[in-house]
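Asks: For reference, this is final.cif, and it has mmCIF, C-alpha atoms.
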```cif
data_input
#
loop_
_atom_site.label_atom_id
_atom_site.label_comp_id
_atom_site.auth_asym_id
_atom_site.auth_seq_id
_atom_site.Cartn_x
_atom_site.Cartn_y
_atom_site.Cartn_z
CA MET A 1 -174.87 36.81 268.74
CA PRO A 2 -173.47 40.12 269.99
CA ASN A 3 -170.06 41.18 268.78
CA ARG A 4 -167.35 41.96 271.25
CA PHE A 5 -164.47 44.40 270.85
CA SER A 6 -161.78 44.21 273.47
CA GLY A 7 -158.25 45.27 274.25
CA HIS A 8 -155.80 43.42 276.44
CA SER A 9 -152.73 44.64 278.31
CA LEU A 10 -152.46 47.66 276.03
CA THR A 11 -149.44 49.85 276.60
CA CYS A 12 -149.03 53.22 274.96
CA PHE A 13 -145.69 54.95 274.54
CA ARG A 14 -145.81 58.50 273.19
CA GLY A 15 -143.35 61.35 273.17
CA GLU A 16 -140.62 59.46 275.01
CA ARG A 17 -142.81 58.40 277.90
CA PHE A 18 -145.31 55.72 278.81
CA VAL A 19 -148.87 57.04 278.80
CA PHE A 20 -150.71 54.03 280.12
CA GLU A 21 -149.91 50.37 280.57
CA ALA A 22 -151.72 47.07 281.01
CA LEU A 23 -154.98 48.68 279.98
CA GLU A 24 -157.96 46.38 279.54
CA PHE A 25 -161.31 47.26 278.00
CA HIS A 26 -164.19 45.54 276.34
CA VAL A 27 -167.39 46.69 274.72
CA GLU A 28 -170.19 44.62 273.22
CA SER A 29 -172.99 45.23 270.75
CA GLY A 30 -175.50 47.67 272.21
CA GLU A 31 -173.02 49.04 274.74
CA ALA A 32 -171.38 52.41 275.15
CA LEU A 33 -168.03 52.87 276.84
CA VAL A 34 -167.21 56.34 278.14
CA LEU A 35 -163.49 57.02 278.63
CA THR A 36 -162.63 59.55 281.30
CA GLY A 37 -159.40 60.77 282.77
CA PRO A 38 -157.43 63.98 283.15
CA ASN A 39 -155.73 65.73 280.24
CA GLY A 40 -152.76 63.76 278.99
CA SER A 41 -153.95 60.47 280.45
CA GLY A 42 -154.14 59.01 276.96
CA LYS A 43 -157.82 59.07 276.00
CA SER A 44 -157.14 60.28 272.46
CA SER A 45 -154.23 57.87 272.11
CA LEU A 46 -156.41 54.98 273.24
CA ILE A 47 -159.11 55.91 270.73
CA ARG A 48 -156.49 56.12 267.97
CA ILE A 49 -155.12 52.74 269.01
CA MET A 50 -158.66 51.34 268.87
CA ALA A 51 -159.02 52.75 265.35
CA GLY A 52 -155.71 51.22 264.27
CA LEU A 53 -154.20 54.65 263.56
CA LEU A 54 -151.66 54.26 266.32
CA ALA A 55 -149.80 51.13 267.33
CA ALA A 56 -149.64 50.08 270.95
CA VAL A 57 -146.14 49.07 271.98
CA ASP A 58 -147.61 46.12 273.81
CA GLY A 59 -150.94 44.33 274.03
CA ARG A 60 -153.56 43.45 271.43
CA LEU A 61 -157.02 44.31 270.20
CA GLU A 62 -159.55 41.58 269.60
CA TRP A 63 -162.84 41.38 267.74
CA ASN A 64 -164.86 38.42 268.95
CA GLY A 65 -161.61 36.96 270.23
CA ASP A 66 -159.75 37.23 266.92
CA PRO A 67 -156.77 39.59 266.73
CA VAL A 68 -157.65 42.78 264.90
CA ALA A 69 -154.09 43.14 263.64
CA ALA A 70 -154.61 40.13 261.35
CA THR A 71 -157.37 41.85 259.34
CA PRO A 72 -156.83 45.62 259.56
CA GLU A 73 -159.01 46.35 256.50
CA ASP A 74 -162.00 44.58 258.03
CA HIS A 75 -161.48 46.57 261.20
CA SER A 76 -161.37 49.98 259.54
CA ALA A 77 -164.43 49.09 257.45
CA ARG A 78 -166.54 48.49 260.56
CA LEU A 79 -165.61 51.66 262.45
CA HIS A 80 -166.27 55.37 262.32
CA TYR A 81 -163.58 57.58 263.83
CA VAL A 82 -164.25 61.18 264.80
CA GLY A 83 -161.02 62.76 266.03
CA TYR A 84 -160.26 66.17 267.42
CA GLN A 85 -159.55 67.34 263.87
CA ASP A 86 -162.54 67.87 261.62
CA ALA A 87 -161.13 66.98 258.16
CA ILE A 88 -163.19 69.82 256.67
CA LYS A 89 -162.04 71.61 253.53
CA PRO A 90 -162.90 75.31 253.83
CA VAL A 91 -163.33 75.89 250.09
CA MET A 92 -165.93 73.16 249.67
CA THR A 93 -169.52 73.57 250.74
CA VAL A 94 -170.95 71.78 253.77
CA ARG A 95 -172.73 69.34 251.48
CA GLU A 96 -169.62 68.64 249.36
CA ASN A 97 -167.50 68.01 252.43
CA LEU A 98 -169.92 65.43 253.74
CA ALA A 99 -170.58 63.94 250.30
CA PHE A 100 -166.86 63.27 249.87
CA TRP A 101 -166.44 61.29 253.07
CA ALA A 102 -169.81 59.60 252.73
CA GLY A 103 -168.99 58.71 249.11
CA LEU A 104 -165.91 56.79 250.21
CA ARG A 105 -168.21 54.49 252.14
CA GLY A 106 -171.08 54.45 249.69
CA GLY A 107 -173.37 56.76 251.67
CA VAL A 108 -173.93 59.63 249.23
CA GLY A 109 -177.69 59.05 249.18
CA LYS A 110 -177.98 59.73 252.88
CA VAL A 111 -176.17 63.08 252.83
CA PRO A 112 -179.26 65.37 252.92
CA GLU A 113 -180.80 63.30 255.69
CA ALA A 114 -177.57 63.34 257.72
CA LEU A 115 -177.27 67.13 257.39
CA GLU A 116 -180.88 67.53 258.58
CA THR A 117 -180.19 65.25 261.52
CA VAL A 118 -177.34 67.40 262.83
CA GLY A 119 -179.19 70.62 262.03
CA LEU A 120 -177.04 71.81 259.11
CA GLY A 121 -179.67 71.29 256.39
CA ALA A 122 -180.36 75.01 256.03
CA ILE A 123 -176.73 75.91 255.33
CA ALA A 124 -175.80 72.89 253.20
CA ASP A 125 -174.59 75.06 250.31
CA MET A 126 -172.51 77.42 252.38
CA PRO A 127 -168.70 77.15 252.04
CA ALA A 128 -167.38 75.38 255.10
CA GLN A 129 -164.94 78.19 255.91
CA PHE A 130 -167.83 80.17 257.41
CA LEU A 131 -168.81 77.46 259.89
CA SER A 132 -168.43 78.10 263.60
CA SER A 133 -166.48 75.55 265.60
CA GLY A 134 -169.67 73.98 266.90
CA GLN A 135 -171.02 73.71 263.37
CA ARG A 136 -167.76 72.11 262.22
CA ARG A 137 -168.20 69.56 264.98
CA ARG A 138 -171.76 68.90 263.85
CA LEU A 139 -170.49 68.34 260.31
CA SER A 140 -167.98 65.77 261.61
CA LEU A 141 -170.77 64.01 263.43
CA ALA A 142 -172.90 64.03 260.27
CA ARG A 143 -170.25 61.69 258.81
CA ILE A 144 -171.15 58.91 261.21
CA VAL A 145 -174.82 59.30 260.36
CA ALA A 146 -174.31 59.23 256.60
CA SER A 147 -172.92 55.71 256.44
CA VAL A 148 -173.31 52.66 258.56
CA ALA A 149 -170.53 51.34 260.78
CA GLU A 150 -170.84 49.09 263.76
CA LEU A 151 -168.21 50.65 266.00
CA TRP A 152 -168.18 54.38 266.72
CA LEU A 153 -164.97 55.85 268.13
CA LEU A 154 -165.67 59.43 269.16
CA ASP A 155 -162.87 61.55 270.57
CA GLU A 156 -164.28 64.53 272.51
CA PRO A 157 -167.43 64.64 270.37
CA THR A 158 -169.11 67.27 272.55
CA VAL A 159 -166.43 69.95 272.36
CA GLY A 160 -167.96 73.17 271.06
CA LEU A 161 -171.47 71.73 270.85
CA ASP A 162 -174.40 73.61 272.38
CA ARG A 163 -176.79 71.79 274.68
CA HIS A 164 -179.22 71.10 271.88
CA ALA A 165 -176.52 69.50 269.74
CA VAL A 166 -175.30 67.41 272.66
CA GLY A 167 -178.89 66.18 272.89
CA ILE A 168 -178.81 65.24 269.21
CA LEU A 169 -175.56 63.35 269.76
CA GLU A 170 -177.02 61.50 272.73
CA GLY A 171 -180.00 60.53 270.59
CA LEU A 172 -177.72 59.30 267.81
CA VAL A 173 -175.68 57.14 270.15
CA GLU A 174 -178.86 55.77 271.69
CA ARG A 175 -180.31 54.87 268.29
CA HIS A 176 -176.98 53.37 267.23
CA ARG A 177 -176.91 51.17 270.32
CA ALA A 178 -180.55 50.15 269.92
CA GLY A 179 -179.64 48.98 266.42
CA GLY A 180 -176.91 46.73 267.82
CA GLY A 181 -174.00 49.13 267.39
CA MET A 182 -171.33 49.91 269.93
CA ALA A 183 -169.73 53.23 270.79
CA VAL A 184 -166.62 54.40 272.60
CA LEU A 185 -166.57 58.04 273.66
CA ALA A 186 -163.79 60.04 275.26
CA THR A 187 -165.21 63.08 276.98
CA HIS A 188 -164.83 65.55 279.79
CA GLN A 189 -168.37 66.80 279.69
CA PRO A 190 -171.19 64.84 281.25
CA ILE A 191 -173.15 63.05 278.59
CA ALA A 192 -176.45 61.33 279.26
CA LEU A 193 -176.65 57.97 277.58
CA GLY A 194 -179.59 56.63 279.50
CA GLY A 195 -177.46 55.65 282.47
CA THR A 196 -176.66 52.32 280.85
CA GLU A 197 -173.21 53.32 279.64
CA ARG A 198 -170.11 51.98 281.28
CA GLY A 199 -167.31 54.27 282.35
CA LEU A 200 -163.60 53.58 282.17
CA ASP A 201 -161.30 55.91 284.03
CA ILE A 202 -158.01 55.37 282.29
CA SER A 203 -155.99 57.28 284.87
CA GLY A 204 -156.18 53.96 286.75
CA PHE A 205 -153.79 52.54 284.15
CA ALA A 206 -151.28 55.39 284.34
CA ALA A 207 -147.84 54.02 283.65
CA ARG A 208 -145.52 53.66 286.59
CA ARG A 209 -142.37 52.87 284.68
CA GLN A 210 -140.66 55.72 282.91
CA ILE A 211 -138.31 53.81 280.62
CA PHE A 212 -138.31 50.46 278.92
CA ASP A 213 -137.22 47.86 281.41
CA ASP A 214 -136.79 45.15 278.87
CA VAL A 215 -136.31 44.69 275.17
CA GLU A 216 -139.51 42.69 274.84
CA ALA A 217 -141.72 45.69 275.52
CA ARG A 218 -140.18 47.56 272.67
CA ARG A 219 -141.74 45.22 270.12
CA MET B 1 -162.19 50.43 243.95
CA ILE B 2 -161.94 52.35 240.67
CA ARG B 3 -165.02 54.33 241.71
CA ILE B 4 -163.40 55.37 244.99
CA MET B 5 -160.19 56.35 243.20
CA ARG B 6 -162.17 58.50 240.77
CA HIS B 7 -163.96 60.03 243.75
CA LEU B 8 -160.58 60.94 245.29
CA VAL B 9 -159.19 62.39 242.05
CA ALA B 10 -162.33 64.46 241.50
CA ARG B 11 -162.09 65.86 245.02
CA ASP B 12 -158.45 66.89 244.64
CA LEU B 13 -159.13 68.52 241.27
CA ARG B 14 -162.11 70.38 242.68
CA LEU B 15 -160.11 71.57 245.69
CA ALA B 16 -157.28 72.78 243.47
CA LEU B 17 -159.61 74.65 241.12
CA ARG B 18 -161.46 76.29 244.02
CA GLN B 19 -158.29 77.37 245.74
CA GLY B 20 -157.19 79.37 242.72
CA SER B 21 -154.77 76.69 241.95
CA ASP B 22 -151.20 75.65 242.38
CA ALA B 23 -151.26 74.79 238.68
CA ALA B 24 -151.23 78.44 237.64
CA MET B 25 -148.31 79.10 239.99
CA VAL B 26 -146.36 76.17 238.63
CA ILE B 27 -146.80 77.33 235.06
CA ALA B 28 -145.98 80.92 235.94
CA PHE B 29 -142.78 79.75 237.61
CA PHE B 30 -141.95 77.57 234.60
CA VAL B 31 -142.44 80.41 232.12
CA ILE B 32 -140.66 83.09 234.13
CA THR B 33 -137.65 80.94 234.96
CA VAL B 34 -137.12 79.80 231.39
CA THR B 35 -137.36 83.39 230.11
CA LEU B 36 -134.59 84.34 232.54
CA PHE B 37 -132.08 82.25 230.61
CA PRO B 38 -132.00 84.31 227.38
CA LEU B 39 -131.58 87.35 229.61
CA GLY B 40 -128.79 85.79 231.63
CA VAL B 41 -126.93 83.84 228.94
CA GLY B 42 -127.43 86.41 226.19
CA PRO B 43 -129.66 86.24 223.13
CA GLU B 44 -127.14 84.31 221.00
CA PRO B 45 -129.43 81.86 219.03
CA ASN B 46 -126.85 79.05 218.77
CA VAL B 47 -126.08 79.08 222.47
CA LEU B 48 -129.77 79.05 223.36
CA ALA B 49 -130.48 76.22 220.92
CA ARG B 50 -127.65 74.21 222.49
CA ILE B 51 -129.04 74.50 226.04
CA ALA B 52 -132.77 74.58 225.20
CA ALA B 53 -133.65 70.99 226.14
CA GLY B 54 -131.66 71.12 229.35
CA VAL B 55 -133.12 74.43 230.49
CA VAL B 56 -136.70 73.39 229.78
CA TRP B 57 -136.26 70.09 231.59
CA VAL B 58 -134.40 71.40 234.63
CA THR B 59 -137.00 74.10 235.05
CA ALA B 60 -139.80 71.55 234.69
CA LEU B 61 -138.23 69.52 237.53
CA LEU B 62 -138.05 72.57 239.77
CA ALA B 63 -141.60 73.60 238.93
CA THR B 64 -142.89 70.13 239.80
CA MET B 65 -141.03 70.24 243.07
CA LEU B 66 -142.57 73.56 244.02
CA SER B 67 -146.00 71.99 243.99
CA LEU B 68 -145.09 68.90 246.02
CA ASP B 69 -145.28 70.26 249.55
CA ARG B 70 -149.05 70.73 249.21
CA LEU B 71 -149.60 67.17 248.03
CA PHE B 72 -150.22 65.62 251.46
CA GLN B 73 -149.67 68.54 253.82
CA ALA B 74 -153.21 69.99 253.71
CA ASP B 75 -154.80 66.60 254.37
CA TYR B 76 -152.30 65.95 257.12
CA ASP B 77 -153.01 69.28 258.85
CA ASP B 78 -156.80 68.97 258.94
CA GLY B 79 -157.00 65.29 259.89
CA SER B 80 -158.14 64.04 256.48
CA THR B 81 -155.19 61.65 256.37
CA ASP B 82 -156.61 59.75 259.36
CA LEU B 83 -159.86 59.22 257.52
CA LEU B 84 -158.12 58.27 254.27
CA VAL B 85 -156.15 55.60 256.14
CA LEU B 86 -159.44 54.25 257.48
CA ALA B 87 -161.22 54.47 254.11
CA PRO B 88 -162.23 51.19 252.47
CA ILE B 89 -159.43 51.37 249.91
CA PRO B 90 -155.76 50.39 250.27
CA LEU B 91 -153.78 53.51 251.19
CA GLU B 92 -151.46 52.76 248.27
CA LEU B 93 -154.32 53.27 245.83
CA ALA B 94 -155.46 56.41 247.62
CA VAL B 95 -151.92 57.76 247.23
CA LEU B 96 -151.98 56.79 243.56
CA ALA B 97 -155.23 58.72 243.13
CA LYS B 98 -153.65 61.79 244.70
CA VAL B 99 -150.63 61.41 242.42
CA VAL B 100 -152.90 61.20 239.38
CA ALA B 101 -154.63 64.41 240.45
CA HIS B 102 -151.25 66.06 241.05
CA TRP B 103 -150.07 65.04 237.59
CA MET B 104 -153.22 66.41 235.95
CA LEU B 105 -152.71 69.71 237.76
CA THR B 106 -148.96 70.10 237.16
CA GLY B 107 -147.69 67.52 234.65
CA LEU B 108 -150.29 68.17 231.96
CA PRO B 109 -149.91 71.97 232.00
CA LEU B 110 -146.12 71.52 231.86
CA ILE B 111 -146.45 69.30 228.79
CA VAL B 112 -148.61 71.90 227.07
CA THR B 113 -146.30 74.80 227.93
CA ALA B 114 -142.95 73.12 227.26
CA PRO B 115 -142.99 73.31 223.41
CA VAL B 116 -143.77 77.03 223.55
CA LEU B 117 -140.87 77.66 225.88
CA ALA B 118 -138.62 75.42 223.75
CA ALA B 119 -139.47 77.66 220.78
CA LEU B 120 -138.55 80.66 222.89
CA MET B 121 -135.19 78.97 223.47
CA ASN B 122 -134.76 78.42 219.72
CA MET B 123 -134.80 74.62 219.96
CA PRO B 124 -134.27 72.96 216.54
CA GLY B 125 -137.29 71.33 214.87
CA PRO B 126 -136.52 67.60 215.31
CA GLY B 127 -136.42 68.05 219.07
CA TYR B 128 -140.12 68.86 219.57
CA PRO B 129 -141.78 65.45 219.15
CA VAL B 130 -139.19 63.91 221.47
CA LEU B 131 -139.55 66.73 223.99
CA ILE B 132 -143.31 66.14 224.17
CA GLY B 133 -142.84 62.37 224.19
CA SER B 134 -140.28 62.49 226.98
CA MET B 135 -142.54 64.81 228.98
CA LEU B 136 -145.48 62.45 228.56
CA LEU B 137 -143.36 59.55 229.80
CA ALA B 138 -141.49 61.36 232.55
CA THR B 139 -143.84 63.85 234.21
CA PRO B 140 -145.89 61.02 235.79
CA THR B 141 -142.59 59.70 237.19
CA LEU B 142 -141.86 63.12 238.66
CA SER B 143 -145.23 63.14 240.46
CA LEU B 144 -144.74 59.55 241.64
CA ILE B 145 -141.22 60.01 243.02
CA GLY B 146 -142.25 63.37 244.44
CA SER B 147 -145.08 61.78 246.40
CA VAL B 148 -142.55 59.71 248.36
CA GLY B 149 -140.57 62.83 249.30
CA ALA B 150 -143.72 64.75 250.16
CA ALA B 151 -144.94 61.96 252.43
CA LEU B 152 -141.57 61.60 254.15
CA ALA B 153 -141.35 65.33 254.85
CA LEU B 154 -144.75 65.46 256.59
CA GLY B 155 -144.54 66.90 260.05
CA ALA B 156 -141.05 68.27 259.49
CA ARG B 157 -140.35 71.95 259.84
CA ARG B 158 -139.38 73.59 256.56
CA GLY B 159 -140.72 70.55 254.76
CA GLY B 160 -140.42 72.21 251.36
CA ILE B 161 -136.64 72.37 251.51
CA LEU B 162 -136.44 68.85 252.88
CA ILE B 163 -138.51 67.63 249.93
CA SER B 164 -136.05 69.21 247.48
CA LEU B 165 -133.13 67.51 249.18
CA LEU B 166 -134.90 64.15 249.12
CA VAL B 167 -136.39 64.31 245.68
CA LEU B 168 -134.00 66.19 243.42
CA PRO B 169 -131.26 63.50 243.49
CA LEU B 170 -133.90 60.94 242.52
CA TYR B 171 -134.92 63.09 239.56
CA ILE B 172 -131.41 62.95 238.06
CA PRO B 173 -131.90 59.80 235.93
CA VAL B 174 -135.12 61.23 234.51
CA LEU B 175 -133.33 64.45 233.62
CA ILE B 176 -130.39 62.66 231.99
CA PHE B 177 -132.46 60.41 229.75
CA ALA B 178 -135.05 63.04 228.87
CA VAL B 179 -132.48 65.63 227.80
CA GLY B 180 -130.37 62.92 226.19
CA GLY B 181 -133.33 61.83 224.07
CA VAL B 182 -134.05 65.34 222.84
CA ASP B 183 -130.37 65.98 222.07
CA ALA B 184 -130.14 62.68 220.20
CA ALA B 185 -133.10 63.61 218.02
CA ILE B 186 -131.63 67.05 217.28
CA SER B 187 -128.30 65.56 216.22
CA GLY B 188 -130.03 63.04 213.96
CA LEU B 189 -129.73 59.93 216.15
CA THR B 190 -132.60 57.82 217.36
CA PRO B 191 -134.09 58.87 220.73
CA ARG B 192 -135.61 55.42 221.16
CA PRO B 193 -133.27 54.02 223.86
CA HIS B 194 -133.70 57.15 225.94
CA LEU B 195 -137.46 57.01 225.72
CA LEU B 196 -137.46 53.29 226.52
CA LEU B 197 -135.41 53.96 229.63
CA LEU B 198 -137.85 56.72 230.67
CA GLY B 199 -140.65 54.23 230.18
CA ALA B 200 -138.79 51.70 232.31
CA ILE B 201 -138.35 54.23 235.13
CA LEU B 202 -142.08 55.00 234.97
CA ALA B 203 -142.92 51.29 235.03
CA ALA B 204 -140.78 50.84 238.15
CA ALA B 205 -142.05 53.96 239.91
CA LEU B 206 -145.72 53.18 239.30
CA PRO B 207 -145.95 50.32 241.81
CA LEU B 208 -143.02 51.29 244.06
CA ALA B 209 -143.67 54.97 244.73
CA PRO B 210 -147.28 54.67 246.01
CA TRP B 211 -146.18 51.79 248.20
CA ALA B 212 -143.32 53.79 249.72
CA ALA B 213 -145.39 56.96 250.06
CA ALA B 214 -148.20 55.07 251.79
CA ALA B 215 -145.71 53.59 254.25
CA ALA B 216 -144.36 57.09 254.98
CA LEU B 217 -147.90 58.44 255.43
CA ARG B 218 -148.78 55.69 257.91
CA HIS B 219 -145.58 56.45 259.77
CA SER B 220 -146.40 60.16 259.92
CA LEU B 221 -149.57 59.38 261.91
CA ARG B 222 -147.69 57.50 264.60
#
```
Once you've parsed the file, please lay out its structure as structure tokens.

Replies:
Amino acid sequence: MPNRFSGHSLTCFRGERFVFEALEFHVESGEALVLTGPNGSGKSSLIRIMAGLLAAVDGRLEWNGDPVAATPEDHSARLHYVGYQDAIKPVMTVRENLAFWAGLRGGVGKVPEALETVGLGAIADMPAQFLSSGQRRRLSLARIVASVAELWLLDEPTVGLDRHAVGILEGLVERHRAGGGMAVLATHQPIALGGTERGLDISGFAARRQIFDDVEARR
Amino acid sequence: MIRIMRHLVARDLRLALRQGSDAAMVIAFFVITVTLFPLGVGPEPNVLARIAAGVVWVTALLATMLSLDRLFQADYDDGSTDLLVLAPIPLELAVLAKVVAHWMLTGLPLIVTAPVLAALMNMPGPGYPVLIGSMLLATPTLSLIGSVGAALALGARRGGILISLLVLPLYIPVLIFAVGGVDAAISGLTPRPHLLLLGAILAAALPLAPWAAAAALRHSLR
């Protein structure tokens, strides 16, 4: 039976203003959801809410109909989050950086393979401070290859990537979906996922209210 | 769980050693500051012996504090904190692992250096075992309490100063009982109650501090 990850009437309040409200989404095993919307429409915030890093002021996330908030550890164990920050330590080598994050999830054995996949195999022993921004991005993406997680939450994964690397990413997402995984991507650049991905333009949920109109929403 | 904690400690130690180390800075600060006292107070042996325990301990507190602002800041700046929160280990234990690494990098070198500096300050003989004992019991507490301040100050401008304001008042009991224990031993009394109280503070901080620091870390991501 396919798994289903969904969000209902999500409202995000950041920096003294409402970003979006009453947002609904759902994604099932084998699906990809591409979030679009102008800068500041809340794509990154939505991805962080999906990851449980940020709390929505209203609404709930559900996994197969059960509230995610009841079992936060289970939720973080089944997801990979790639944010706009790379979490790369400049004094460690490329391999050590990946081995650390993979080791947390028991994926040390797959480190060489993951580095080959994203095309960093040749510079695995180089200190990460010499990586270009595109290579840093590739290293972040290697994290999601090195250990298995069902739900991929990728925030602007294509920024800084060359066309070849975008192709690698598309292949990874395709393989992940074929294996029953699901992916949520926030992106500005066109990304080819076989045409079977669903889009969600979150500017359609832009908040109309500017302030809290009732105490309930504050909870 | 233990394996993941060891993994985290090993990473922090490796990072610190590669970066040419806060530990060396902490020790340099400790040594230089203590040597200022004979210069400032005058080389009168009795006066120095009288203030030796206090000077060594106050300076140890300040040295520990100097190293605190790096405890979570680097991870916070590069997004590692996000991934630690999502790691398959309770954030409290991840914080504890970072505190253990911090203690190995600052607490242990302080313990090793303190007797040498106490000798420089002409501390009487009976004080040394108690000085080392109190350091062993209390430096982990300093790292633990400090982690709460470091986590709370994340994202603040001039976080270093904020940490001092938050943490130094909480260090006062540690200072009082540690110095009191050494002074008791020097004047021929038993240091036992002082050391027991230091142990009690450590026993309380061990579960409470990681819990509070983890809550502050989670809050900093919001």

Asks: Could you tell me which residues the PyMOL selection byres ((chain A) within 7 of (chain B)) returns for this structure, as a PDB file with C-alpha atoms, in the coordinates of the input?

Replies:
```pdb
ATOM      1  CA  LEU A  53    -154.200  54.650 263.560  1.00  0.00           C
ATOM      2  CA  LEU A  54    -151.660  54.260 266.320  1.00  0.00           C
ATOM      3  CA  SER A  76    -161.370  49.980 259.540  1.00  0.00           C
ATOM      4  CA  ALA A  77    -164.430  49.090 257.450  1.00  0.00           C
ATOM      5  CA  GLN A  85    -159.550  67.340 263.870  1.00  0.00           C
ATOM      6  CA  ASP A  86    -162.540  67.870 261.620  1.00  0.00           C
ATOM      7  CA  ALA A  87    -161.130  66.980 258.160  1.00  0.00           C
ATOM      8  CA  ILE A  88    -163.190  69.820 256.670  1.00  0.00           C
ATOM      9  CA  VAL A  91    -163.330  75.890 250.090  1.00  0.00           C
ATOM     10  CA  LEU A 104    -165.910  56.790 250.210  1.00  0.00           C
ATOM     11  CA  ARG A 105    -168.210  54.490 252.140  1.00  0.00           C
TER      12      ARG A 105
END
```

Asks: Considering only C-alpha atoms, can you say which of A:Gly40, A:Phe100, A:Ala22, A:Ile123 comes closest to Arg6 (chain B)?

Replies: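 Smallest distance to Arg6 (chain B) is found for A:Phe100.
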
Asks: Please expand the PyMOL selection byres ((chain B and resi 133) around 12) into the concrete residues it hits in this file, giving the result as a PDB file with C-alpha atoms, in the coordinates of the input.

Replies:
```pdb
ATOM      1  CA  ILE B 111    -146.450  69.300 228.790  1.00  0.00           C
ATOM      2  CA  VAL B 112    -148.610  71.900 227.070  1.00  0.00           C
ATOM      3  CA  ALA B 114    -142.950  73.120 227.260  1.00  0.00           C
ATOM      4  CA  PRO B 115    -142.990  73.310 223.410  1.00  0.00           C
ATOM      5  CA  GLY B 127    -136.420  68.050 219.070  1.00  0.00           C
ATOM      6  CA  TYR B 128    -140.120  68.860 219.570  1.00  0.00           C
ATOM      7  CA  PRO B 129    -141.780  65.450 219.150  1.00  0.00           C
ATOM      8  CA  VAL B 130    -139.190  63.910 221.470  1.00  0.00           C
ATOM      9  CA  LEU B 131    -139.550  66.730 223.990  1.00  0.00           C
ATOM     10  CA  ILE B 132    -143.310  66.140 224.170  1.00  0.00           C
ATOM     11  CA  SER B 134    -140.280  62.490 226.980  1.00  0.00           C
ATOM     12  CA  MET B 135    -142.540  64.810 228.980  1.00  0.00           C
ATOM     13  CA  LEU B 136    -145.480  62.450 228.560  1.00  0.00           C
ATOM     14  CA  LEU B 137    -143.360  59.550 229.800  1.00  0.00           C
ATOM     15  CA  ALA B 138    -141.490  61.360 232.550  1.00  0.00           C
ATOM     16  CA  THR B 139    -143.840  63.850 234.210  1.00  0.00           C
ATOM     17  CA  PHE B 177    -132.460  60.410 229.750  1.00  0.00           C
ATOM     18  CA  ALA B 178    -135.050  63.040 228.870  1.00  0.00           C
ATOM     19  CA  VAL B 179    -132.480  65.630 227.800  1.00  0.00           C
ATOM     20  CA  GLY B 181    -133.330  61.830 224.070  1.00  0.00           C
ATOM     21  CA  VAL B 182    -134.050  65.340 222.840  1.00  0.00           C
ATOM     22  CA  ALA B 185    -133.100  63.610 218.020  1.00  0.00           C
ATOM     23  CA  PRO B 191    -134.090  58.870 220.730  1.00  0.00           C
ATOM     24  CA  ARG B 192    -135.610  55.420 221.160  1.00  0.00           C
ATOM     25  CA  HIS B 194    -133.700  57.150 225.940  1.00  0.00           C
ATOM     26  CA  LEU B 195    -137.460  57.010 225.720  1.00  0.00           C
ATOM     27  CA  LEU B 196    -137.460  53.290 226.520  1.00  0.00           C
ATOM     28  CA  LEU B 198    -137.850  56.720 230.670  1.00  0.00           C
ATOM     29  CA  GLY B 199    -140.650  54.230 230.180  1.00  0.00           C
TER      30      GLY B 199
END
```

Asks: Could you list as a list in words every residue that has an atom within 10 Å of (-153.0, 61.6, 285.9), using the file's coordinates and counting all atoms listed in the file?

Replies: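 Every residue inside that radius is included here: Val19, Phe20, Gly37, Pro38, Asn39, Gly40, Ser41, Gly42, Ile202, Ser203, Gly204, Phe205, Ala206 and Ala207 of chain A.
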
Asks: Write out the residues from the selection above, keeping C-alpha atoms, as an mmCIF file, in the coordinates of the input.

Replies:
```cif
data_model
loop_
_atom_site.group_PDB
_atom_site.id
_atom_site.type_symbol
_atom_site.label_atom_id
_atom_site.label_comp_id
_atom_site.auth_asym_id
_atom_site.auth_seq_id
_atom_site.Cartn_x
_atom_site.Cartn_y
_atom_site.Cartn_z
ATOM 1 C CA VAL A 19 -148.870 57.040 278.800
ATOM 2 C CA PHE A 20 -150.710 54.030 280.120
ATOM 3 C CA GLY A 37 -159.400 60.770 282.770
ATOM 4 C CA PRO A 38 -157.430 63.980 283.150
ATOM 5 C CA ASN A 39 -155.730 65.730 280.240
ATOM 6 C CA GLY A 40 -152.760 63.760 278.990
ATOM 7 C CA SER A 41 -153.950 60.470 280.450
ATOM 8 C CA GLY A 42 -154.140 59.010 276.960
ATOM 9 C CA ILE A 202 -158.010 55.370 282.290
ATOM 10 C CA SER A 203 -155.990 57.280 284.870
ATOM 11 C CA GLY A 204 -156.180 53.960 286.750
ATOM 12 C CA PHE A 205 -153.790 52.540 284.150
ATOM 13 C CA ALA A 206 -151.280 55.390 284.340
ATOM 14 C CA ALA A 207 -147.840 54.020 283.650
#
```

Asks: On this file, the PyMOL selection byres ((chain A and resi 157) around 8) gives some set of residues; write that set as a PyMOL selection string.

Replies: chain A and resi 82-84+137+141+154-156+158-159+185-187

Asks: When you count all atoms listed in the file, which of these residues is closest to Ala150 (chain B): B:Leu71, B:Leu189, B:Leu175, B:Ala52?

Replies: B:Leu71

Asks: If you count only C-alpha atoms, which residues fall within 12 Å of Leu120 (chain B), apart from same-chain ones fewer than 4 positions away, as a PyMOL selection string?

Replies: chain B and resi 31-32+34-39+43+45+48-49+51-53+55-56+113-116+124

Asks: Between CA of Leu61 (chain A) and CA of His8 (chain A), what is the distance in Å, rounded to a tenth?

Replies: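 Rounded to one decimal, the two atoms are 6.4 Å apart.
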
Asks: Set the distance at 12 Å and use only C-alpha atoms: which residues neighbour Ala102 (chain A) once local chain neighbours fewer than 2 positions away are removed? I'd like the list as a ChimeraX atom specification.

Replies: /A:80,95-100,104-115,139-149 /B:4,7-8,83-84,87-88
